[in-house]
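target.pdb (PDB, C-alpha atoms) appears below.
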```
MODEL        1
ATOM      1  CA  MET T   1     127.648 207.247 -11.718
ATOM      2  CA  GLU T   2     129.603 207.402  -8.483
ATOM      3  CA  ALA T   3     130.990 204.199  -7.015
ATOM      4  CA  PRO T   4     129.356 203.135  -3.734
ATOM      5  CA  PRO T   5     131.293 204.050  -0.599
ATOM      6  CA  ALA T   6     133.656 201.500   0.944
ATOM      7  CA  ASN T   7     131.275 200.816   3.794
ATOM      8  CA  HIS T   8     128.267 200.248   1.536
ATOM      9  CA  PRO T   9     125.851 197.698   3.158
ATOM     10  CA  ARG T  10     126.151 195.263   0.244
ATOM     11  CA  GLN T  11     129.927 195.219   0.478
ATOM     12  CA  GLN T  12     129.771 194.774   4.249
ATOM     13  CA  SER T  13     127.285 191.915   3.842
ATOM     14  CA  SER T  14     129.442 190.225   1.221
ATOM     15  CA  ARG T  15     132.535 190.560   3.379
ATOM     16  CA  GLY T  16     130.655 189.210   6.395
ATOM     17  CA  ASP T  17     129.388 186.217   4.406
ATOM     18  CA  LYS T  18     132.918 185.391   3.314
ATOM     19  CA  ILE T  19     134.170 185.504   6.896
ATOM     20  CA  VAL T  20     131.314 183.318   8.142
ATOM     21  CA  ASP T  21     131.927 180.849   5.313
ATOM     22  CA  LEU T  22     135.653 180.708   6.085
ATOM     23  CA  VAL T  23     135.088 180.165   9.795
ATOM     24  CA  SER T  24     132.389 177.562   9.197
ATOM     25  CA  ARG T  25     134.597 175.567   6.854
ATOM     26  CA  TYR T  26     137.873 175.667   8.745
ATOM     27  CA  GLY T  27     136.974 176.711  12.294
ATOM     28  CA  THR T  28     136.916 173.147  13.630
ATOM     29  CA  ILE T  29     140.260 172.318  12.036
ATOM     30  CA  ALA T  30     141.692 175.528  13.509
ATOM     31  CA  SER T  31     140.315 174.472  16.911
ATOM     32  CA  LEU T  32     142.000 171.063  16.569
ATOM     33  CA  VAL T  33     145.341 172.660  15.694
ATOM     34  CA  THR T  34     144.969 175.133  18.563
ATOM     35  CA  CYS T  35     144.245 172.372  21.081
ATOM     36  CA  ILE T  36     147.282 170.418  19.920
ATOM     37  CA  ALA T  37     149.459 173.534  20.194
ATOM     38  CA  VAL T  38     148.182 174.480  23.662
ATOM     39  CA  PHE T  39     148.557 170.999  25.160
ATOM     40  CA  SER T  40     151.973 170.641  23.529
ATOM     41  CA  LEU T  41     153.122 173.894  25.131
ATOM     42  CA  LEU T  42     151.696 173.020  28.547
ATOM     43  CA  ARG T  43     152.976 169.425  28.702
ATOM     44  CA  PRO T  44     155.526 168.974  25.907
ATOM     45  CA  GLU T  45     157.301 166.089  27.643
ATOM     46  CA  VAL T  46     154.101 164.006  27.648
ATOM     47  CA  PHE T  47     151.633 165.271  25.064
ATOM     48  CA  ALA T  48     153.973 166.182  22.216
ATOM     49  CA  THR T  49     155.508 162.729  21.767
ATOM     50  CA  SER T  50     155.133 160.110  19.072
ATOM     51  CA  GLN T  51     154.066 157.577  21.701
ATOM     52  CA  ASN T  52     151.203 159.813  22.811
ATOM     53  CA  PHE T  53     150.277 160.483  19.173
ATOM     54  CA  PHE T  54     149.658 156.776  18.583
ATOM     55  CA  ASN T  55     148.015 156.590  21.996
ATOM     56  CA  VAL T  56     145.471 159.253  20.975
ATOM     57  CA  LEU T  57     144.764 157.449  17.705
ATOM     58  CA  ASN T  58     144.323 154.167  19.543
ATOM     59  CA  GLN T  59     141.978 155.779  22.068
ATOM     60  CA  VAL T  60     139.711 157.253  19.389
ATOM     61  CA  ALA T  61     139.792 154.283  16.992
ATOM     62  CA  ILE T  62     136.724 152.563  18.456
ATOM     63  CA  LEU T  63     134.818 155.838  18.688
ATOM     64  CA  GLY T  64     135.779 156.555  15.087
ATOM     65  CA  ILE T  65     134.549 153.187  13.791
ATOM     66  CA  ILE T  66     131.148 153.673  15.455
ATOM     67  CA  ALA T  67     130.860 157.368  14.532
ATOM     68  CA  LEU T  68     131.662 156.731  10.864
ATOM     69  CA  GLY T  69     128.853 154.179  10.619
ATOM     70  CA  LEU T  70     126.508 156.631  12.320
ATOM     71  CA  THR T  71     127.506 159.283   9.778
ATOM     72  CA  VAL T  72     126.119 157.157   6.939
ATOM     73  CA  ALA T  73     122.729 157.067   8.696
ATOM     74  CA  LEU T  74     122.818 160.785   9.497
ATOM     75  CA  VAL T  75     123.506 161.609   5.841
ATOM     76  CA  GLN T  76     119.912 160.469   5.259
ATOM     77  CA  GLY T  77     118.614 162.163   8.378
ATOM     78  CA  LEU T  78     118.293 158.895  10.330
ATOM     79  CA  PHE T  79     119.225 158.948  14.018
ATOM     80  CA  ASP T  80     120.519 155.571  15.211
ATOM     81  CA  LEU T  81     120.234 155.229  18.994
ATOM     82  CA  SER T  82     120.706 151.444  18.970
ATOM     83  CA  LEU T  83     124.481 151.846  18.664
ATOM     84  CA  ALA T  84     125.211 151.231  22.342
ATOM     85  CA  GLY T  85     123.185 148.009  22.514
ATOM     86  CA  MET T  86     124.552 146.795  19.183
ATOM     87  CA  ALA T  87     128.172 147.373  20.193
ATOM     88  CA  THR T  88     127.699 145.527  23.480
ATOM     89  CA  LEU T  89     125.909 142.604  21.830
ATOM     90  CA  GLY T  90     128.479 142.306  19.040
ATOM     91  CA  GLY T  91     131.465 142.165  21.360
ATOM     92  CA  PHE T  92     129.821 139.744  23.774
ATOM     93  CA  LEU T  93     128.558 137.283  21.162
ATOM     94  CA  ALA T  94     131.922 137.020  19.436
ATOM     95  CA  CYS T  95     133.663 136.312  22.753
ATOM     96  CA  LYS T  96     130.981 133.861  23.915
ATOM     97  CA  TRP T  97     130.956 131.828  20.731
ATOM     98  CA  LEU T  98     134.736 131.627  20.560
ATOM     99  CA  ALA T  99     135.230 130.883  24.256
ATOM    100  CA  GLU T 100     132.607 128.113  24.258
ATOM    101  CA  GLY T 101     133.921 126.593  21.027
ATOM    102  CA  THR T 102     130.705 127.230  19.106
ATOM    103  CA  LEU T 103     132.949 128.850  16.500
ATOM    104  CA  SER T 104     136.627 128.007  16.181
ATOM    105  CA  SER T 105     137.647 130.686  13.694
ATOM    106  CA  PRO T 106     137.927 134.308  14.904
ATOM    107  CA  ILE T 107     137.450 135.514  11.327
ATOM    108  CA  LEU T 108     134.238 133.503  10.977
ATOM    109  CA  ALA T 109     132.991 134.830  14.323
ATOM    110  CA  VAL T 110     133.607 138.415  13.221
ATOM    111  CA  LEU T 111     131.860 137.860   9.887
ATOM    112  CA  ILE T 112     128.817 136.211  11.483
ATOM    113  CA  VAL T 113     128.462 139.014  14.038
ATOM    114  CA  LEU T 114     128.729 141.619  11.260
ATOM    115  CA  ALA T 115     126.095 139.766   9.216
ATOM    116  CA  LEU T 116     123.788 139.628  12.244
ATOM    117  CA  ALA T 117     124.302 143.349  12.857
ATOM    118  CA  LEU T 118     123.542 144.129   9.210
ATOM    119  CA  ALA T 119     120.311 142.142   9.482
ATOM    120  CA  ILE T 120     119.265 143.945  12.663
ATOM    121  CA  GLY T 121     120.079 147.332  11.140
ATOM    122  CA  ALA T 122     118.172 146.423   7.984
ATOM    123  CA  PHE T 123     115.189 145.422  10.124
ATOM    124  CA  ASN T 124     115.318 148.869  11.724
ATOM    125  CA  GLY T 125     115.284 150.284   8.216
ATOM    126  CA  VAL T 126     112.238 148.212   7.247
ATOM    127  CA  VAL T 127     110.258 149.497  10.222
ATOM    128  CA  VAL T 128     111.332 153.086   9.499
ATOM    129  CA  ALA T 129     110.796 153.004   5.731
ATOM    130  CA  TYR T 130     107.726 150.801   5.425
ATOM    131  CA  GLY T 131     106.161 151.315   8.834
ATOM    132  CA  GLY T 132     106.461 155.077   8.790
ATOM    133  CA  VAL T 133     107.920 155.164  12.310
ATOM    134  CA  SER T 134     110.596 157.668  13.302
ATOM    135  CA  ALA T 135     114.119 156.247  13.221
ATOM    136  CA  PHE T 136     114.687 157.913  16.583
ATOM    137  CA  ILE T 137     111.942 155.823  18.217
ATOM    138  CA  VAL T 138     112.684 152.590  16.340
ATOM    139  CA  THR T 139     116.386 152.555  17.152
ATOM    140  CA  LEU T 140     115.795 153.647  20.749
ATOM    141  CA  ALA T 141     113.477 150.661  21.185
ATOM    142  CA  MET T 142     115.896 148.330  19.383
ATOM    143  CA  GLY T 143     118.736 149.457  21.633
ATOM    144  CA  SER T 144     116.671 148.479  24.672
ATOM    145  CA  ILE T 145     115.797 145.109  23.085
ATOM    146  CA  LEU T 146     119.433 144.363  22.303
ATOM    147  CA  THR T 147     120.478 145.241  25.852
ATOM    148  CA  GLY T 148     117.862 142.851  27.208
ATOM    149  CA  VAL T 149     118.869 140.085  24.800
ATOM    150  CA  THR T 150     122.535 140.438  25.756
ATOM    151  CA  LEU T 151     121.778 140.262  29.471
ATOM    152  CA  GLY T 152     119.494 137.262  28.912
ATOM    153  CA  VAL T 153     121.931 135.316  26.745
ATOM    154  CA  SER T 154     124.818 136.028  29.102
ATOM    155  CA  ASP T 155     122.895 135.558  32.349
ATOM    156  CA  SER T 156     124.711 138.801  33.250
ATOM    157  CA  GLN T 157     128.019 136.911  33.323
ATOM    158  CA  THR T 158     131.200 138.248  31.721
ATOM    159  CA  VAL T 159     133.263 136.004  29.442
ATOM    160  CA  LEU T 160     136.643 136.076  31.192
ATOM    161  CA  SER T 161     138.672 133.295  29.557
ATOM    162  CA  GLY T 162     138.977 131.057  26.532
ATOM    163  CA  ILE T 163     139.050 133.875  23.976
ATOM    164  CA  PRO T 164     141.652 132.977  21.303
ATOM    165  CA  ASP T 165     144.617 135.230  20.520
ATOM    166  CA  GLY T 166     143.488 135.430  16.904
ATOM    167  CA  PHE T 167     140.510 137.488  18.075
ATOM    168  CA  LEU T 168     142.383 139.517  20.689
ATOM    169  CA  ILE T 169     144.756 140.822  18.029
ATOM    170  CA  MET T 170     141.907 143.040  16.792
ATOM    171  CA  GLY T 171     142.271 145.159  19.909
ATOM    172  CA  GLN T 172     145.781 144.449  21.157
ATOM    173  CA  GLY T 173     147.904 143.823  18.065
ATOM    174  CA  GLU T 174     150.027 146.145  15.979
ATOM    175  CA  VAL T 175     150.890 146.537  12.319
ATOM    176  CA  GLY T 176     154.401 147.897  12.575
ATOM    177  CA  PRO T 177     154.144 150.823  14.991
ATOM    178  CA  ILE T 178     150.418 151.275  14.317
ATOM    179  CA  PRO T 179     147.880 149.669  16.697
ATOM    180  CA  THR T 180     145.455 147.309  14.966
ATOM    181  CA  PRO T 181     142.353 149.329  15.997
ATOM    182  CA  VAL T 182     143.801 152.320  14.138
ATOM    183  CA  VAL T 183     144.301 150.194  11.030
ATOM    184  CA  ILE T 184     140.686 148.989  11.247
ATOM    185  CA  LEU T 185     139.523 152.602  11.640
ATOM    186  CA  ALA T 186     141.494 153.640   8.552
ATOM    187  CA  VAL T 187     140.004 150.819   6.479
ATOM    188  CA  VAL T 188     136.448 151.679   7.583
ATOM    189  CA  ALA T 189     137.035 155.373   6.863
ATOM    190  CA  VAL T 190     138.363 154.701   3.350
ATOM    191  CA  VAL T 191     135.573 152.255   2.479
ATOM    192  CA  LEU T 192     132.795 154.558   3.690
ATOM    193  CA  TYR T 193     134.404 157.617   2.095
ATOM    194  CA  VAL T 194     134.486 155.863  -1.276
ATOM    195  CA  LEU T 195     130.906 154.652  -0.781
ATOM    196  CA  LEU T 196     129.516 158.108  -0.030
ATOM    197  CA  GLU T 197     131.691 160.223  -2.299
ATOM    198  CA  GLN T 198     132.497 158.051  -5.289
ATOM    199  CA  THR T 199     129.479 155.820  -5.894
ATOM    200  CA  GLN T 200     125.914 156.252  -7.082
ATOM    201  CA  ILE T 201     124.703 154.831  -3.775
ATOM    202  CA  GLY T 202     126.415 157.664  -1.932
ATOM    203  CA  ARG T 203     125.037 160.306  -4.273
ATOM    204  CA  HIS T 204     121.547 158.913  -3.784
ATOM    205  CA  MET T 205     121.994 158.961  -0.013
ATOM    206  CA  TYR T 206     122.956 162.628  -0.069
ATOM    207  CA  ALA T 207     120.021 163.377  -2.352
ATOM    208  CA  ILE T 208     117.610 161.632   0.025
ATOM    209  CA  GLY T 209     119.069 163.514   2.969
ATOM    210  CA  GLY T 210     118.556 166.771   1.104
ATOM    211  CA  ASN T 211     114.960 166.130   0.045
ATOM    212  CA  ALA T 212     113.440 162.664   0.280
ATOM    213  CA  GLU T 213     110.276 163.517  -1.670
ATOM    214  CA  THR T 214     112.171 165.056  -4.573
ATOM    215  CA  SER T 215     114.465 162.018  -4.622
ATOM    216  CA  ARG T 216     111.463 159.688  -4.736
ATOM    217  CA  LEU T 217     109.945 161.602  -7.632
ATOM    218  CA  SER T 218     113.313 161.360  -9.402
ATOM    219  CA  GLY T 219     113.105 157.578  -9.329
ATOM    220  CA  ILE T 220     115.402 156.872  -6.377
ATOM    221  CA  PRO T 221     114.157 153.930  -4.240
ATOM    222  CA  VAL T 222     114.162 155.993  -1.048
ATOM    223  CA  ARG T 223     112.861 153.251   1.250
ATOM    224  CA  ARG T 224     115.560 150.798   0.225
ATOM    225  CA  TYR T 225     118.305 153.202   1.236
ATOM    226  CA  ALA T 226     117.063 153.352   4.827
ATOM    227  CA  LEU T 227     117.863 149.629   5.091
ATOM    228  CA  ILE T 228     121.356 150.186   3.703
ATOM    229  CA  ALA T 229     122.160 153.168   5.917
ATOM    230  CA  LEU T 230     120.940 151.661   9.186
ATOM    231  CA  GLY T 231     122.513 148.309   8.276
ATOM    232  CA  ILE T 232     125.917 149.947   7.829
ATOM    233  CA  SER T 233     125.483 151.892  11.060
ATOM    234  CA  ALA T 234     124.669 148.724  13.004
ATOM    235  CA  ALA T 235     127.558 146.774  11.443
ATOM    236  CA  CYS T 236     130.062 149.497  12.381
ATOM    237  CA  ALA T 237     128.698 149.553  15.922
ATOM    238  CA  ALA T 238     129.119 145.780  16.202
ATOM    239  CA  LEU T 239     132.631 146.010  14.776
ATOM    240  CA  GLY T 240     133.497 148.689  17.313
ATOM    241  CA  GLY T 241     132.110 146.489  20.092
ATOM    242  CA  MET T 242     134.261 143.566  18.977
ATOM    243  CA  VAL T 243     137.357 145.756  18.966
ATOM    244  CA  VAL T 244     136.506 146.840  22.535
ATOM    245  CA  ALA T 245     136.130 143.205  23.608
ATOM    246  CA  ALA T 246     139.407 142.269  21.922
ATOM    247  CA  ASN T 247     141.148 145.215  23.553
ATOM    248  CA  LEU T 248     139.893 144.351  27.043
ATOM    249  CA  GLY T 249     140.285 140.601  26.545
ATOM    250  CA  VAL T 250     136.821 139.945  27.995
ATOM    251  CA  GLY T 251     133.241 139.817  26.732
ATOM    252  CA  ARG T 252     131.156 142.179  28.860
ATOM    253  CA  PRO T 253     127.341 141.902  28.651
ATOM    254  CA  GLN T 254     126.602 145.498  29.564
ATOM    255  CA  GLY T 255     127.961 149.029  29.492
ATOM    256  CA  VAL T 256     130.335 148.600  26.543
ATOM    257  CA  GLY T 257     128.593 150.742  23.944
ATOM    258  CA  ASP T 258     127.154 153.354  26.309
ATOM    259  CA  THR T 259     130.552 155.031  26.511
ATOM    260  CA  TYR T 260     130.556 155.819  22.798
ATOM    261  CA  LEU T 261     126.960 156.863  22.047
ATOM    262  CA  LEU T 262     127.165 160.547  23.020
ATOM    263  CA  ASP T 263     130.650 161.029  21.607
ATOM    264  CA  SER T 264     129.653 159.413  18.294
ATOM    265  CA  PHE T 265     126.915 161.982  17.789
ATOM    266  CA  ALA T 266     129.251 164.744  18.924
ATOM    267  CA  ALA T 267     131.901 163.717  16.379
ATOM    268  CA  ALA T 268     129.372 163.488  13.537
ATOM    269  CA  PHE T 269     127.823 166.879  14.298
ATOM    270  CA  ILE T 270     131.240 168.488  14.641
ATOM    271  CA  GLY T 271     131.992 167.025  11.233
ATOM    272  CA  ALA T 272     128.817 168.584   9.843
ATOM    273  CA  SER T 273     130.261 172.009  10.605
ATOM    274  CA  THR T 274     133.634 171.231   9.019
ATOM    275  CA  LEU T 275     134.812 171.732   5.407
ATOM    276  CA  ARG T 276     131.295 171.210   3.994
ATOM    277  CA  PRO T 277     129.085 173.187   6.380
ATOM    278  CA  GLY T 278     125.684 171.763   7.127
ATOM    279  CA  ARG T 279     126.393 168.314   5.642
ATOM    280  CA  PHE T 280     127.455 165.102   7.346
ATOM    281  CA  HIS T 281     130.497 163.544   5.694
ATOM    282  CA  ILE T 282     133.297 161.123   6.490
ATOM    283  CA  LEU T 283     136.243 163.538   6.542
ATOM    284  CA  GLY T 284     134.357 165.867   8.853
ATOM    285  CA  THR T 285     133.578 163.035  11.263
ATOM    286  CA  VAL T 286     137.258 162.042  11.292
ATOM    287  CA  VAL T 287     138.140 165.621  12.289
ATOM    288  CA  GLY T 288     135.444 165.516  14.982
ATOM    289  CA  VAL T 289     136.774 162.239  16.364
ATOM    290  CA  LEU T 290     140.313 163.606  16.474
ATOM    291  CA  LEU T 291     139.164 166.803  18.205
ATOM    292  CA  ILE T 292     137.344 164.830  20.913
ATOM    293  CA  GLY T 293     140.327 162.507  21.308
ATOM    294  CA  VAL T 294     142.850 165.346  21.620
ATOM    295  CA  ILE T 295     140.693 167.185  24.154
ATOM    296  CA  ASN T 296     140.114 164.057  26.267
ATOM    297  CA  ASN T 297     143.787 163.100  26.148
ATOM    298  CA  GLY T 298     144.984 166.626  26.871
ATOM    299  CA  LEU T 299     142.624 167.105  29.806
ATOM    300  CA  SER T 300     143.656 163.741  31.250
ATOM    301  CA  ILE T 301     147.332 164.619  30.969
ATOM    302  CA  MET T 302     146.636 167.957  32.640
ATOM    303  CA  GLY T 303     145.014 166.114  35.532
ATOM    304  CA  VAL T 304     141.560 167.642  35.013
ATOM    305  CA  GLU T 305     138.800 165.960  37.019
ATOM    306  CA  THR T 306     136.689 163.401  35.165
ATOM    307  CA  PHE T 307     133.434 165.287  35.713
ATOM    308  CA  TRP T 308     134.887 168.298  33.906
ATOM    309  CA  GLN T 309     135.799 166.077  30.973
ATOM    310  CA  TYR T 310     132.167 164.946  30.706
ATOM    311  CA  ALA T 311     131.019 168.567  30.943
ATOM    312  CA  VAL T 312     133.407 169.620  28.169
ATOM    313  CA  ARG T 313     132.151 166.836  25.883
ATOM    314  CA  GLY T 314     128.563 167.924  26.503
ATOM    315  CA  ILE T 315     129.414 171.528  25.697
ATOM    316  CA  ILE T 316     131.188 170.453  22.519
ATOM    317  CA  LEU T 317     128.118 168.479  21.402
ATOM    318  CA  LEU T 318     125.821 171.433  22.146
ATOM    319  CA  LEU T 319     128.010 173.827  20.168
ATOM    320  CA  ALA T 320     128.370 171.356  17.303
ATOM    321  CA  VAL T 321     124.608 170.834  17.021
ATOM    322  CA  PHE T 322     124.013 174.587  17.129
ATOM    323  CA  ALA T 323     126.668 175.242  14.487
ATOM    324  CA  ALA T 324     125.387 172.493  12.178
ATOM    325  CA  SER T 325     121.767 173.672  12.519
ATOM    326  CA  PHE T 326     122.754 177.274  11.910
ATOM    327  CA  LEU T 327     124.704 176.369   8.799
ATOM    328  CA  VAL T 328     121.842 174.252   7.431
ATOM    329  CA  MET T 329     119.407 177.152   7.851
ATOM    330  CA  ARG T 330     121.922 179.527   6.293
ATOM    331  CA  ARG T 331     122.285 177.300   3.223
ATOM    332  CA  ARG T 332     118.517 177.352   2.763
TER     333      ARG T 332
ENDMDL
END
```
Have the structure of the file written as structure tokens, please.
Amino acid sequence: MEAPPANHPRQQSSRGDKIVDLVSRYGTIASLVTCIAVFSLLRPEVFATSQNFFNVLNQVAILGIIALGLTVALVQGLFDLSLAGMATLGGFLACKWLAEGTLSSPILAVLIVLALALAIGAFNGVVVAYGGVSAFIVTLAMGSILTGVTLGVSDSQTVLSGIPDGFLIMGQGEVGPIPTPVVILAVVAVVLYVLLEQTQIGRHMYAIGGNAETSRLSGIPVRRYALIALGISAACAALGGMVVAANLGVGRPQGVGDTYLLDSFAAAFIGASTLRPGRFHILGTVVGVLLIGVINNGLSIMGVETFWQYAVRGIILLLAVFAASFLVMRRR
């Protein structure tokens, strides 16, 4: 029997699949490397410096903390839109309690805020899992509630003084040459990576995200995991909000978390088209955060107008969502 010609349709299809798979796995990383190379060539005296390297990491640290928590929820297919309200509330409460002397220990203030955020996130999970309401709607409503609560508790007044240095170090300190926010980001990334990749909880979360009904029939307590995922997402948002407050040195009652909501989703969806196409995962989100940070930093250094920076971020999110959706359908 004669061998099929070199341009046989099956061979072409196989070759095309390999190319698509290669691009889908490493395209985002290649884009990150390309952006770094281009900005380094255009402004080597500013962009390609160690000082700017740490500056980029510091700029994306808060976004990374929030986006990594969101990734845990997205693994199960849960959209958390309460992130902005939770981040604002977390940062404001910590500053208010410390400035007024309600709490004297910055560590205790951080822990109490994280516990409160976990409880709020778990409540979201209860409504989603046991009430049968879409996470999109529940968290959108909760975000509005949290914004209202923050404005009510604060009387729309910013906490400007009395915040102890022990709290401010979260946003302004350094560990050697590394800014403290970057250290916090690294710790969160490692903890959540281990949780999702190395534990039974993580394996169950991925199983639920793949097929909730099959997971339920396999004996996995599907409803319980919604509480865990949304609790972690809320806690990371609150932690990010506290780092913002510590960085600014003030407790703002509005507008803190809004800056990070869109970019958090963008980073997570970029991550879903990186290394493990069609799946949300921690390493992918880290790559997405870095890509957004490099682009924002590079465009700022190049003197690009702010409105173009917003447009670029929107385009990135659109492309990331399209790529992730395409890869999910291709896997099926």
Revision key, fill the gap. For Leu70 of chain T, the closest of T:Val183, T:Leu89, T:Ile208, T:Leu83 counting all atoms listed in the file is T:Leu83
**Study point:** the PyMOL selection byres ((chain T and resi 124-132) around 8) resolved against shown file, as JSON, numbers by chain
**Key:** {"T": [120, 121, 122, 123, 133, 134, 135, 138, 139, 142, 223, 224, 226, 227, 228, 229, 230, 231]}
**Study point:** segment 161-174 of chain T environment, 12 Å, all atoms listed in the file, sequence neighbours closer than 3 positions dropped, as a VMD selection string
**Key:** chain T and resid 54 58 to 59 61 to 62 91 to 111 157 to 158 177 to 185 239 to 252
Please produce an output containing C-alpha atoms for each residue in the selection, written as a CSV table (one decimal), in the coordinates of the input.
```csv
chain,number,residue,atom,x,y,z
T,54,PHE,CA,149.7,156.8,18.6
T,58,ASN,CA,144.3,154.2,19.5
T,59,GLN,CA,142.0,155.8,22.1
T,61,ALA,CA,139.8,154.3,17.0
T,62,ILE,CA,136.7,152.6,18.5
T,91,GLY,CA,131.5,142.2,21.4
T,92,PHE,CA,129.8,139.7,23.8
T,93,LEU,CA,128.6,137.3,21.2
T,94,ALA,CA,131.9,137.0,19.4
T,95,CYS,CA,133.7,136.3,22.8
T,96,LYS,CA,131.0,133.9,23.9
T,97,TRP,CA,131.0,131.8,20.7
T,98,LEU,CA,134.7,131.6,20.6
T,99,ALA,CA,135.2,130.9,24.3
T,100,GLU,CA,132.6,128.1,24.3
T,101,GLY,CA,133.9,126.6,21.0
T,102,THR,CA,130.7,127.2,19.1
T,103,LEU,CA,132.9,128.8,16.5
T,104,SER,CA,136.6,128.0,16.2
T,105,SER,CA,137.6,130.7,13.7
T,106,PRO,CA,137.9,134.3,14.9
T,107,ILE,CA,137.4,135.5,11.3
T,108,LEU,CA,134.2,133.5,11.0
T,109,ALA,CA,133.0,134.8,14.3
T,110,VAL,CA,133.6,138.4,13.2
T,111,LEU,CA,131.9,137.9,9.9
T,157,GLN,CA,128.0,136.9,33.3
T,158,THR,CA,131.2,138.2,31.7
T,177,PRO,CA,154.1,150.8,15.0
T,178,ILE,CA,150.4,151.3,14.3
T,179,PRO,CA,147.9,149.7,16.7
T,180,THR,CA,145.5,147.3,15.0
T,181,PRO,CA,142.4,149.3,16.0
T,182,VAL,CA,143.8,152.3,14.1
T,183,VAL,CA,144.3,150.2,11.0
T,184,ILE,CA,140.7,149.0,11.2
T,185,LEU,CA,139.5,152.6,11.6
T,239,LEU,CA,132.6,146.0,14.8
T,240,GLY,CA,133.5,148.7,17.3
T,241,GLY,CA,132.1,146.5,20.1
T,242,MET,CA,134.3,143.6,19.0
T,243,VAL,CA,137.4,145.8,19.0
T,244,VAL,CA,136.5,146.8,22.5
T,245,ALA,CA,136.1,143.2,23.6
T,246,ALA,CA,139.4,142.3,21.9
T,247,ASN,CA,141.1,145.2,23.6
T,248,LEU,CA,139.9,144.4,27.0
T,249,GLY,CA,140.3,140.6,26.5
T,250,VAL,CA,136.8,139.9,28.0
T,251,GLY,CA,133.2,139.8,26.7
T,252,ARG,CA,131.2,142.2,28.9
```
Check your understanding: Which value, in Å to one decimal, gives the distance between atom CA of Thr150 of chain T and atom CA of Gly85 of chain T?
Key ->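 Between atom CA of Thr150 of chain T and atom CA of Gly85 of chain T the gap is 8.3 Å.
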**Study point:** Selection under test: the PyMOL selection byres ((chain T and resi 271) around 12); residues as a ChimeraX atom specification
**Key:** /T:24-29,64,67-68,70-71,74-75,264-270,272-292,316-317,319-321,323-324
Exercise for review: Give me, please, the distance in Å between atom CA of Val60 of chain T and atom CA of Gly293 of chain T, quoted to one decimal.
Suggested key: 5.6 Å
Practice item. Find the distance between atom CA of Gln254 of chain T and atom CA of Ala235 of chain T and write it in Å to one decimal. Key: 18.2 Å
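Comparing T:Leu217, T:Leu22, T:Arg43, T:Val149 by their smallest distance to Gly298 of chain T, the closest is T:Arg43 (using all atoms listed in the file).
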